[in-house]
file coords.cif (mmCIF, C-alpha atoms)
data_input
loop_
_atom_site.group_PDB
_atom_site.id
_atom_site.type_symbol
_atom_site.label_atom_id
_atom_site.label_comp_id
_atom_site.auth_asym_id
_atom_site.auth_seq_id
_atom_site.Cartn_x
_atom_site.Cartn_y
_atom_site.Cartn_z
ATOM 1 C CA MET A 28 0.000 0.000 0.000
ATOM 2 C CA HIS A 29 1.211 3.503 -0.800
ATOM 3 C CA THR A 30 1.553 5.875 2.140
ATOM 4 C CA PRO A 31 -1.387 8.308 2.088
ATOM 5 C CA GLU A 32 -0.289 11.853 1.214
ATOM 6 C CA PRO A 33 -2.354 15.051 1.397
ATOM 7 C CA VAL A 34 -4.739 15.134 -1.539
ATOM 8 C CA THR A 35 -8.029 16.813 -2.446
ATOM 9 C CA LEU A 36 -10.874 14.402 -3.258
ATOM 10 C CA GLU A 37 -13.822 15.835 -5.163
ATOM 11 C CA SER A 38 -17.317 14.987 -6.308
ATOM 12 C CA PRO A 39 -19.929 17.366 -7.760
ATOM 13 C CA LEU A 40 -21.496 17.711 -4.295
ATOM 14 C CA VAL A 41 -18.688 17.479 -1.738
ATOM 15 C CA ARG A 42 -14.949 18.167 -1.563
ATOM 16 C CA LEU A 43 -12.443 16.741 0.923
ATOM 17 C CA GLU A 44 -9.487 19.091 1.415
ATOM 18 C CA PRO A 45 -6.351 18.452 3.472
ATOM 19 C CA MET A 46 -6.857 19.965 6.922
ATOM 20 C CA THR A 47 -4.724 22.976 7.849
ATOM 21 C CA ALA A 48 -4.514 25.283 10.856
ATOM 22 C CA ASP A 49 -6.330 27.916 8.769
ATOM 23 C CA HIS A 50 -9.496 25.787 8.902
ATOM 24 C CA ALA A 51 -9.988 26.389 12.644
ATOM 25 C CA PRO A 52 -12.679 29.120 12.430
ATOM 26 C CA ALA A 53 -14.649 27.227 9.763
ATOM 27 C CA LEU A 54 -14.512 23.944 11.706
ATOM 28 C CA GLU A 55 -15.620 25.717 14.871
ATOM 29 C CA ALA A 56 -18.563 27.205 12.979
ATOM 30 C CA ALA A 57 -19.496 23.765 11.589
ATOM 31 C CA ALA A 58 -19.413 22.232 15.083
ATOM 32 C CA ARG A 59 -21.765 24.974 16.353
ATOM 33 C CA ASP A 60 -24.404 23.606 13.943
ATOM 34 C CA GLY A 61 -25.999 21.281 16.479
ATOM 35 C CA GLU A 62 -23.502 21.966 19.314
ATOM 36 C CA LEU A 63 -21.883 18.655 18.435
ATOM 37 C CA TRP A 64 -19.274 18.825 21.209
ATOM 38 C CA THR A 65 -22.073 18.174 23.739
ATOM 39 C CA LEU A 66 -22.492 14.600 22.461
ATOM 40 C CA ARG A 67 -20.467 12.343 24.738
ATOM 41 C CA VAL A 68 -19.874 9.716 22.027
ATOM 42 C CA THR A 69 -18.079 11.965 19.516
ATOM 43 C CA SER A 70 -14.661 13.608 19.192
ATOM 44 C CA VAL A 71 -15.955 16.989 17.972
ATOM 45 C CA PRO A 72 -13.939 19.902 19.411
ATOM 46 C CA ALA A 73 -15.684 22.259 21.824
ATOM 47 C CA PRO A 74 -15.457 26.022 21.288
ATOM 48 C CA GLY A 75 -11.891 27.136 21.891
ATOM 49 C CA GLU A 76 -10.493 23.603 21.425
ATOM 50 C CA THR A 77 -10.408 23.516 17.637
ATOM 51 C CA GLY A 78 -6.796 24.672 17.387
ATOM 52 C CA GLY A 79 -5.655 21.780 19.593
ATOM 53 C CA TYR A 80 -7.868 19.359 17.654
ATOM 54 C CA ILE A 81 -6.233 20.412 14.382
ATOM 55 C CA ALA A 82 -2.729 20.372 15.900
ATOM 56 C CA ALA A 83 -3.228 16.764 17.073
ATOM 57 C CA ALA A 84 -4.503 15.754 13.627
ATOM 58 C CA LEU A 85 -1.558 17.396 11.873
ATOM 59 C CA LYS A 86 0.871 15.775 14.316
ATOM 60 C CA GLY A 87 -0.680 12.425 13.381
ATOM 61 C CA ARG A 88 -0.121 13.297 9.713
ATOM 62 C CA GLU A 89 3.553 14.151 10.378
ATOM 63 C CA GLU A 90 3.979 10.839 12.222
ATOM 64 C CA GLY A 91 2.414 8.962 9.302
ATOM 65 C CA HIS A 92 -0.599 7.403 11.018
ATOM 66 C CA MET A 93 -3.280 9.987 10.121
ATOM 67 C CA LEU A 94 -4.429 11.981 7.107
ATOM 68 C CA PRO A 95 -7.071 14.557 8.146
ATOM 69 C CA PHE A 96 -9.529 16.309 5.839
ATOM 70 C CA VAL A 97 -12.128 19.030 6.126
ATOM 71 C CA VAL A 98 -15.459 18.360 4.420
ATOM 72 C CA VAL A 99 -16.582 21.190 2.127
ATOM 73 C CA ASP A 100 -20.018 21.628 0.543
ATOM 74 C CA GLY A 101 -19.416 21.757 -3.207
ATOM 75 C CA ALA A 102 -22.109 24.341 -3.941
ATOM 76 C CA SER A 103 -21.360 26.948 -1.257
ATOM 77 C CA GLY A 104 -17.706 26.240 -0.418
ATOM 78 C CA THR A 105 -18.642 26.078 3.265
ATOM 79 C CA VAL A 106 -16.739 23.767 5.607
ATOM 80 C CA ILE A 107 -19.374 21.426 7.050
ATOM 81 C CA GLY A 108 -17.311 18.885 9.004
ATOM 82 C CA SER A 109 -14.226 16.721 9.157
ATOM 83 C CA THR A 110 -13.020 13.172 8.558
ATOM 84 C CA ARG A 111 -9.683 11.390 8.280
ATOM 85 C CA TYR A 112 -7.725 8.267 7.584
ATOM 86 C CA HIS A 113 -6.178 7.005 10.804
ATOM 87 C CA ASP A 114 -4.372 3.973 12.170
ATOM 88 C CA ILE A 115 -2.577 3.791 8.826
ATOM 89 C CA VAL A 116 -0.418 0.648 8.711
ATOM 90 C CA PRO A 117 1.222 0.328 5.255
ATOM 91 C CA ALA A 118 3.043 -2.886 6.301
ATOM 92 C CA VAL A 119 -0.288 -4.743 6.352
ATOM 93 C CA ASP A 120 -2.083 -2.586 3.733
ATOM 94 C CA ARG A 121 -4.637 -1.343 6.279
ATOM 95 C CA LEU A 122 -6.108 1.981 7.292
ATOM 96 C CA GLU A 123 -9.224 3.181 9.065
ATOM 97 C CA ILE A 124 -11.681 5.974 8.356
ATOM 98 C CA GLY A 125 -12.892 7.925 11.340
ATOM 99 C CA TYR A 126 -13.010 11.109 13.403
ATOM 100 C CA THR A 127 -15.957 11.853 11.120
ATOM 101 C CA TRP A 128 -18.513 14.496 11.963
ATOM 102 C CA TYR A 129 -20.768 16.865 10.064
ATOM 103 C CA GLY A 130 -22.821 19.869 11.158
ATOM 104 C CA LYS A 131 -26.316 18.812 12.139
ATOM 105 C CA SER A 132 -27.824 20.390 8.998
ATOM 106 C CA TRP A 133 -25.804 17.936 6.877
ATOM 107 C CA GLN A 134 -26.455 14.752 8.825
ATOM 108 C CA ARG A 135 -28.678 12.116 7.163
ATOM 109 C CA SER A 136 -27.998 13.640 3.760
ATOM 110 C CA HIS A 137 -25.881 12.620 0.765
ATOM 111 C CA VAL A 138 -22.744 13.892 2.528
ATOM 112 C CA ASN A 139 -21.678 10.819 4.508
ATOM 113 C CA THR A 140 -22.230 8.371 1.641
ATOM 114 C CA THR A 141 -20.406 10.676 -0.779
ATOM 115 C CA CYS A 142 -17.436 11.204 1.545
ATOM 116 C CA LYS A 143 -17.081 7.516 2.364
ATOM 117 C CA LEU A 144 -17.328 6.570 -1.307
ATOM 118 C CA MET A 145 -14.500 8.986 -2.162
ATOM 119 C CA LEU A 146 -12.353 7.858 0.774
ATOM 120 C CA MET A 147 -12.846 4.151 0.070
ATOM 121 C CA ARG A 148 -12.244 4.590 -3.663
ATOM 122 C CA HIS A 149 -8.986 6.410 -2.926
ATOM 123 C CA ALA A 150 -7.948 3.845 -0.298
ATOM 124 C CA PHE A 151 -8.633 0.747 -2.392
ATOM 125 C CA GLU A 152 -8.027 1.979 -5.949
ATOM 126 C CA THR A 153 -5.210 4.523 -5.524
ATOM 127 C CA LEU A 154 -3.407 3.584 -2.323
ATOM 128 C CA GLY A 155 -3.840 -0.176 -2.714
ATOM 129 C CA ALA A 156 -5.333 -0.860 0.717
ATOM 130 C CA LYS A 157 -6.402 -4.442 1.356
ATOM 131 C CA LEU A 158 -8.663 -3.493 4.270
ATOM 132 C CA VAL A 159 -10.463 -0.347 5.425
ATOM 133 C CA GLY A 160 -11.703 -0.265 9.007
ATOM 134 C CA TRP A 161 -14.008 1.831 11.182
ATOM 135 C CA ARG A 162 -14.492 2.062 14.929
ATOM 136 C CA THR A 163 -17.164 3.742 17.009
ATOM 137 C CA ASP A 164 -18.454 4.079 20.552
ATOM 138 C CA ASN A 165 -20.718 1.244 21.661
ATOM 139 C CA TYR A 166 -23.397 3.848 22.473
ATOM 140 C CA ASN A 167 -23.095 5.715 19.170
ATOM 141 C CA TYR A 168 -25.930 3.837 17.497
ATOM 142 C CA ALA A 169 -26.308 6.402 14.693
ATOM 143 C CA SER A 170 -22.659 5.887 13.725
ATOM 144 C CA GLN A 171 -23.001 2.103 13.860
ATOM 145 C CA LYS A 172 -26.029 2.213 11.546
ATOM 146 C CA ALA A 173 -24.249 4.581 9.155
ATOM 147 C CA ILE A 174 -21.194 2.295 8.983
ATOM 148 C CA GLU A 175 -23.389 -0.751 8.413
ATOM 149 C CA ARG A 176 -25.291 1.091 5.619
ATOM 150 C CA LEU A 177 -21.942 1.505 3.861
ATOM 151 C CA GLY A 178 -21.617 -2.275 3.630
ATOM 152 C CA ALA A 179 -18.921 -2.729 6.283
ATOM 153 C CA ARG A 180 -18.944 -5.886 8.386
ATOM 154 C CA LYS A 181 -18.933 -5.880 12.155
ATOM 155 C CA ASP A 182 -15.725 -7.473 13.417
ATOM 156 C CA GLY A 183 -16.520 -7.337 17.119
ATOM 157 C CA VAL A 184 -16.254 -5.218 20.232
ATOM 158 C CA LEU A 185 -13.112 -4.178 22.105
ATOM 159 C CA ARG A 186 -14.231 -3.923 25.706
ATOM 160 C CA HIS A 187 -13.017 -1.184 28.058
ATOM 161 C CA HIS A 188 -11.027 0.251 25.163
ATOM 162 C CA ALA A 189 -10.854 4.055 25.099
ATOM 163 C CA LEU A 190 -11.569 7.163 27.151
ATOM 164 C CA ARG A 191 -14.502 9.382 26.311
ATOM 165 C CA ARG A 192 -14.256 13.141 26.774
ATOM 166 C CA ASP A 193 -16.236 12.864 30.044
ATOM 167 C CA GLY A 194 -13.642 10.479 31.537
ATOM 168 C CA THR A 195 -15.720 7.309 31.224
ATOM 169 C CA VAL A 196 -14.284 4.316 29.377
ATOM 170 C CA ARG A 197 -16.067 3.098 26.284
ATOM 171 C CA ASP A 198 -16.329 -0.215 24.521
ATOM 172 C CA THR A 199 -15.345 0.183 20.844
ATOM 173 C CA VAL A 200 -17.316 -1.473 18.035
ATOM 174 C CA MET A 201 -15.009 -2.446 15.144
ATOM 175 C CA TYR A 202 -15.986 -2.783 11.469
ATOM 176 C CA SER A 203 -14.089 -3.503 8.263
ATOM 177 C CA LEU A 204 -14.347 -3.908 4.509
ATOM 178 C CA THR A 205 -11.870 -5.896 2.398
ATOM 179 C CA ALA A 206 -10.595 -5.094 -1.077
ATOM 180 C CA GLY A 207 -12.480 -8.138 -2.382
ATOM 181 C CA GLU A 208 -15.771 -6.768 -1.031
ATOM 182 C CA TRP A 209 -15.146 -3.275 -2.375
ATOM 183 C CA PRO A 210 -16.471 -3.613 -5.980
ATOM 184 C CA GLU A 211 -19.925 -4.689 -4.814
ATOM 185 C CA VAL A 212 -20.024 -2.040 -2.087
ATOM 186 C CA ARG A 213 -18.888 0.637 -4.553
ATOM 187 C CA ALA A 214 -21.661 -0.315 -6.979
ATOM 188 C CA HIS A 215 -24.246 -0.192 -4.183
ATOM 189 C CA LEU A 216 -23.114 3.218 -2.887
ATOM 190 C CA GLU A 217 -23.071 4.672 -6.416
ATOM 191 C CA TYR A 218 -26.611 3.328 -6.904
ATOM 192 C CA GLN A 219 -27.788 4.906 -3.628
ATOM 193 C CA LEU A 220 -26.342 8.285 -4.553
ATOM 194 C CA ALA A 221 -27.851 8.178 -8.053
ATOM 195 C CA ARG A 222 -31.276 7.394 -6.586
ATOM 196 C CA SER A 223 -31.106 10.275 -4.103
ATOM 197 C CA ARG A 224 -30.428 12.917 -6.789
#
call {"tool": "encode", "arguments": {"input": "coords.cif", "output": "structure tokens"}}
result
Amino acid sequence: MHTPEPVTLESPLVRLEPMTADHAPALEAAARDGELWTLRVTSVPAPGETGGYIAAALKGREEGHMLPFVVVDGASGTVIGSTRYHDIVPAVDRLEIGYTWYGKSWQRSHVNTTCKLMLMRHAFETLGAKLVGWRTDNYNYASQKAIERLGARKDGVLRHHALRRDGTVRDTVMYSLTAGEWPEVRAHLEYQLARSR
């Protein structure tokens, strides 16, 4: 697998741009749409924490285990959320997609399917990944349903796995999709997007 490098991924509706420190005000504005930092099962930065959130993501990029993006609405050019590749392990041709959030106005729209389609296409078809994974909080049922709608398979649950922002310890639900499963999933996601237009 090739090491993921900063790249812009585009569709007619959504653009994924490499995250930079300059995106802080726009990301903070996107998070205010629904006050997403109040949800205990997400990693959305609270007001005043966006700079640190970006710095941690860019440090992960420098260390080679993350590639963060901002999500931009194609029509307006407005930043509406964030996502990234993480836990990138080129030695076993594996990466995960996560740290994904969108302003409330954009949830349950074409945005998540479009972003995941672009990220998976790039991972499997350009980078040569053999497996793409996802992880989510055991109480984040909306995220679990969204991952399952993508066609990913549930691998299992890592118990007592990670700290939440409120100091409690979560169980982590793990999902994955293999390169062999990708063509069918790609066809299904393209069909869903075509139907929704």
call {"tool": "residues_around", "arguments": {"input": "coords.cif", "residues": "A:Glu211", "least_positions_apart": "5", "cutoff": "12 Å", "atoms": "all atoms listed in the file", "output": "PyMOL selection string"}}
result
chain A and resi 177-179+204-206+216-218
call {"tool": "resolve_selection", "arguments": {"input": "coords.cif", "expression": "the PyMOL selection byres ((chain A and resi 83-85) around 10)", "output": "ChimeraX atom specification"}}
result
/A:45-48,77-82,86-96,111,113,126
call {"tool": "atom_distance", "arguments": {"input": "coords.cif", "atom1": "atom CA of A:Arg186", "atom2": "atom CA of A:Leu63"}}
result
24.9 Å
call {"tool": "closest_residue", "arguments": {"input": "coords.cif", "among": "A:Ala102, A:Leu43, A:Ala189, A:Val212", "to": "A:Phe151", "atoms": "all atoms listed in the file"}}
result
A:Val212
call {"tool": "atom_distance", "arguments": {"input": "coords.cif", "atom1": "atom CA of A:Gly108", "atom2": "atom CA of A:Val41"}}
result
10.9 Å
call {"tool": "resolve_selection", "arguments": {"input": "coords.cif", "expression": "the PyMOL selection byres ((chain A and resi 153) around 12)", "output": "ChimeraX atom specification"}}
result
/A:28-32,34,36,145-152,154-157,206
call {"tool": "atom_distance", "arguments": {"input": "coords.cif", "atom1": "atom CA of A:Pro39", "atom2": "atom CA of A:Ser223"}}
result
13.7 Å
call {"tool": "resolve_selection", "arguments": {"input": "coords.cif", "expression": "the PyMOL selection byres ((chain A and resi 191) around 10)", "output": "list in words"}}
result
Arg67, Val68, Thr69, Ser70, Asp164, His188, Ala189, Leu190, Arg192, Asp193, Gly194, Thr195, Val196, Arg197 and Asp198 of chain A
call {"tool": "closest_residue", "arguments": {"input": "coords.cif", "among": "A:Glu123, A:Asp60, A:Glu76, A:Glu55", "to": "A:Thr110", "atoms": "all atoms listed in the file"}}
result
A:Glu123
call {"tool": "closest_residue", "arguments": {"input": "coords.cif", "among": "A:Arg213, A:Glu37, A:Arg59, A:Leu158", "to": "A:Val116", "atoms": "only C-alpha atoms"}}
result
A:Leu158
call {"tool": "closest_residue", "arguments": {"input": "coords.cif", "among": "A:Gln171, A:Asp182, A:Val138, A:Ser203", "to": "A:Leu122", "atoms": "all atoms listed in the file"}}
result
A:Ser203
call {"tool": "residues_around", "arguments": {"input": "coords.cif", "residues": "stretch 129-137 of chain A", "least_positions_apart": "4", "cutoff": "7 Å", "atoms": "only C-alpha atoms", "output": "compact mmCIF listing (two decimals) with C-alpha atoms, in the frame of the given file"}}
result
# COMPACT_ATOMS: atom_id res chain seq x y z
CA ALA A 57 -19.50 23.76 11.59
CA ALA A 58 -19.41 22.23 15.08
CA ASP A 60 -24.40 23.61 13.94
CA GLY A 61 -26.00 21.28 16.48
CA ILE A 107 -19.37 21.43 7.05
CA GLY A 108 -17.31 18.89 9.00
CA SER A 109 -14.23 16.72 9.16
CA THR A 141 -20.41 10.68 -0.78
CA LEU A 220 -26.34 8.28 -4.55
call {"tool": "axis_aligned_box", "arguments": {"input": "coords.cif", "around": "stretch 104-121 of chain A", "padding_each_side": "4 Å", "output": "lines of an AutoDock Vina configuration file"}}
result
center_x = -8.2
center_y = 10.7
center_z = 5.9
size_x = 30.4
size_y = 39.0
size_z = 20.6
call {"tool": "residues_near_point", "arguments": {"input": "coords.cif", "point": "(-15.3, 4.9, 12.5)", "cutoff": "8 Å", "atoms": "only C-alpha atoms", "output": "list in words"}}
result
Glu123, Ile124, Gly125, Tyr126, Thr127, Gly160, Trp161, Arg162, Thr163, Ser170, Ile174, Met201 and Tyr202 of chain A
call {"tool": "decode", "arguments": {"input": "coords.cif", "residues": "stretch 66-95 of chain A", "atoms": "N, CA and C atoms", "output": "compact mmCIF listing (two decimals), in the first residue's frame"}}
result
# COMPACT_ATOMS: atom_id res chain seq x y z
N LEU A 66 -22.21 16.03 22.57
CA LEU A 66 -22.49 14.60 22.46
C LEU A 66 -21.32 13.83 23.05
N ARG A 67 -21.56 13.01 24.04
CA ARG A 67 -20.47 12.34 24.74
C ARG A 67 -19.81 11.24 23.93
N VAL A 68 -20.41 10.84 22.81
CA VAL A 68 -19.87 9.72 22.03
C VAL A 68 -19.13 10.18 20.77
N THR A 69 -18.81 11.47 20.69
CA THR A 69 -18.08 11.96 19.52
C THR A 69 -16.78 12.64 19.94
N SER A 70 -15.94 12.93 18.94
CA SER A 70 -14.66 13.61 19.19
C SER A 70 -14.67 15.04 18.65
N VAL A 71 -15.84 15.65 18.54
CA VAL A 71 -15.96 16.99 17.97
C VAL A 71 -15.39 18.01 18.96
N PRO A 72 -14.53 18.93 18.48
CA PRO A 72 -13.94 19.90 19.41
C PRO A 72 -14.95 20.92 19.92
N ALA A 73 -14.85 21.23 21.21
CA ALA A 73 -15.68 22.26 21.82
C ALA A 73 -15.14 23.63 21.43
N PRO A 74 -15.95 24.68 21.59
CA PRO A 74 -15.46 26.02 21.29
C PRO A 74 -14.15 26.30 22.04
N GLY A 75 -13.19 26.84 21.31
CA GLY A 75 -11.89 27.14 21.89
C GLY A 75 -10.91 25.98 21.85
N GLU A 76 -11.36 24.78 21.47
CA GLU A 76 -10.49 23.60 21.43
C GLU A 76 -10.11 23.19 20.00
N THR A 77 -10.61 23.93 19.02
CA THR A 77 -10.41 23.52 17.64
C THR A 77 -8.94 23.58 17.22
N GLY A 78 -8.22 24.57 17.71
CA GLY A 78 -6.80 24.67 17.39
C GLY A 78 -6.03 23.45 17.85
N GLY A 79 -6.30 22.99 19.07
CA GLY A 79 -5.65 21.78 19.59
C GLY A 79 -6.07 20.54 18.83
N TYR A 80 -7.34 20.48 18.44
CA TYR A 80 -7.87 19.36 17.65
C TYR A 80 -7.11 19.25 16.32
N ILE A 81 -6.95 20.39 15.66
CA ILE A 81 -6.23 20.41 14.38
C ILE A 81 -4.76 20.07 14.59
N ALA A 82 -4.15 20.64 15.64
CA ALA A 82 -2.73 20.37 15.90
C ALA A 82 -2.49 18.88 16.11
N ALA A 83 -3.38 18.21 16.84
CA ALA A 83 -3.23 16.76 17.07
C ALA A 83 -3.37 15.99 15.76
N ALA A 84 -4.31 16.43 14.91
CA ALA A 84 -4.50 15.75 13.63
C ALA A 84 -3.28 15.94 12.73
N LEU A 85 -2.73 17.13 12.72
CA LEU A 85 -1.56 17.40 11.87
C LEU A 85 -0.31 16.70 12.41
N LYS A 86 -0.24 16.55 13.73
CA LYS A 86 0.87 15.78 14.32
C LYS A 86 0.76 14.32 13.87
N GLY A 87 -0.46 13.78 13.87
CA GLY A 87 -0.68 12.43 13.38
C GLY A 87 -0.29 12.28 11.93
N ARG A 88 -0.53 13.33 11.12
CA ARG A 88 -0.12 13.30 9.71
C ARG A 88 1.40 13.27 9.61
N GLU A 89 2.08 14.11 10.39
CA GLU A 89 3.55 14.15 10.38
C GLU A 89 4.15 12.81 10.79
N GLU A 90 3.49 12.14 11.73
CA GLU A 90 3.98 10.84 12.22
C GLU A 90 3.60 9.69 11.30
N GLY A 91 2.74 9.95 10.32
CA GLY A 91 2.41 8.96 9.30
C GLY A 91 1.26 8.03 9.62
N HIS A 92 0.52 8.30 10.70
CA HIS A 92 -0.60 7.40 11.02
C HIS A 92 -1.97 8.05 10.85
N MET A 93 -2.01 9.31 10.37
CA MET A 93 -3.28 9.99 10.12
C MET A 93 -3.17 10.82 8.85
N LEU A 94 -4.33 11.04 8.21
CA LEU A 94 -4.43 11.98 7.11
C LEU A 94 -5.79 12.67 7.24
N PRO A 95 -5.80 13.87 7.86
CA PRO A 95 -7.07 14.56 8.15
C PRO A 95 -7.55 15.44 7.00
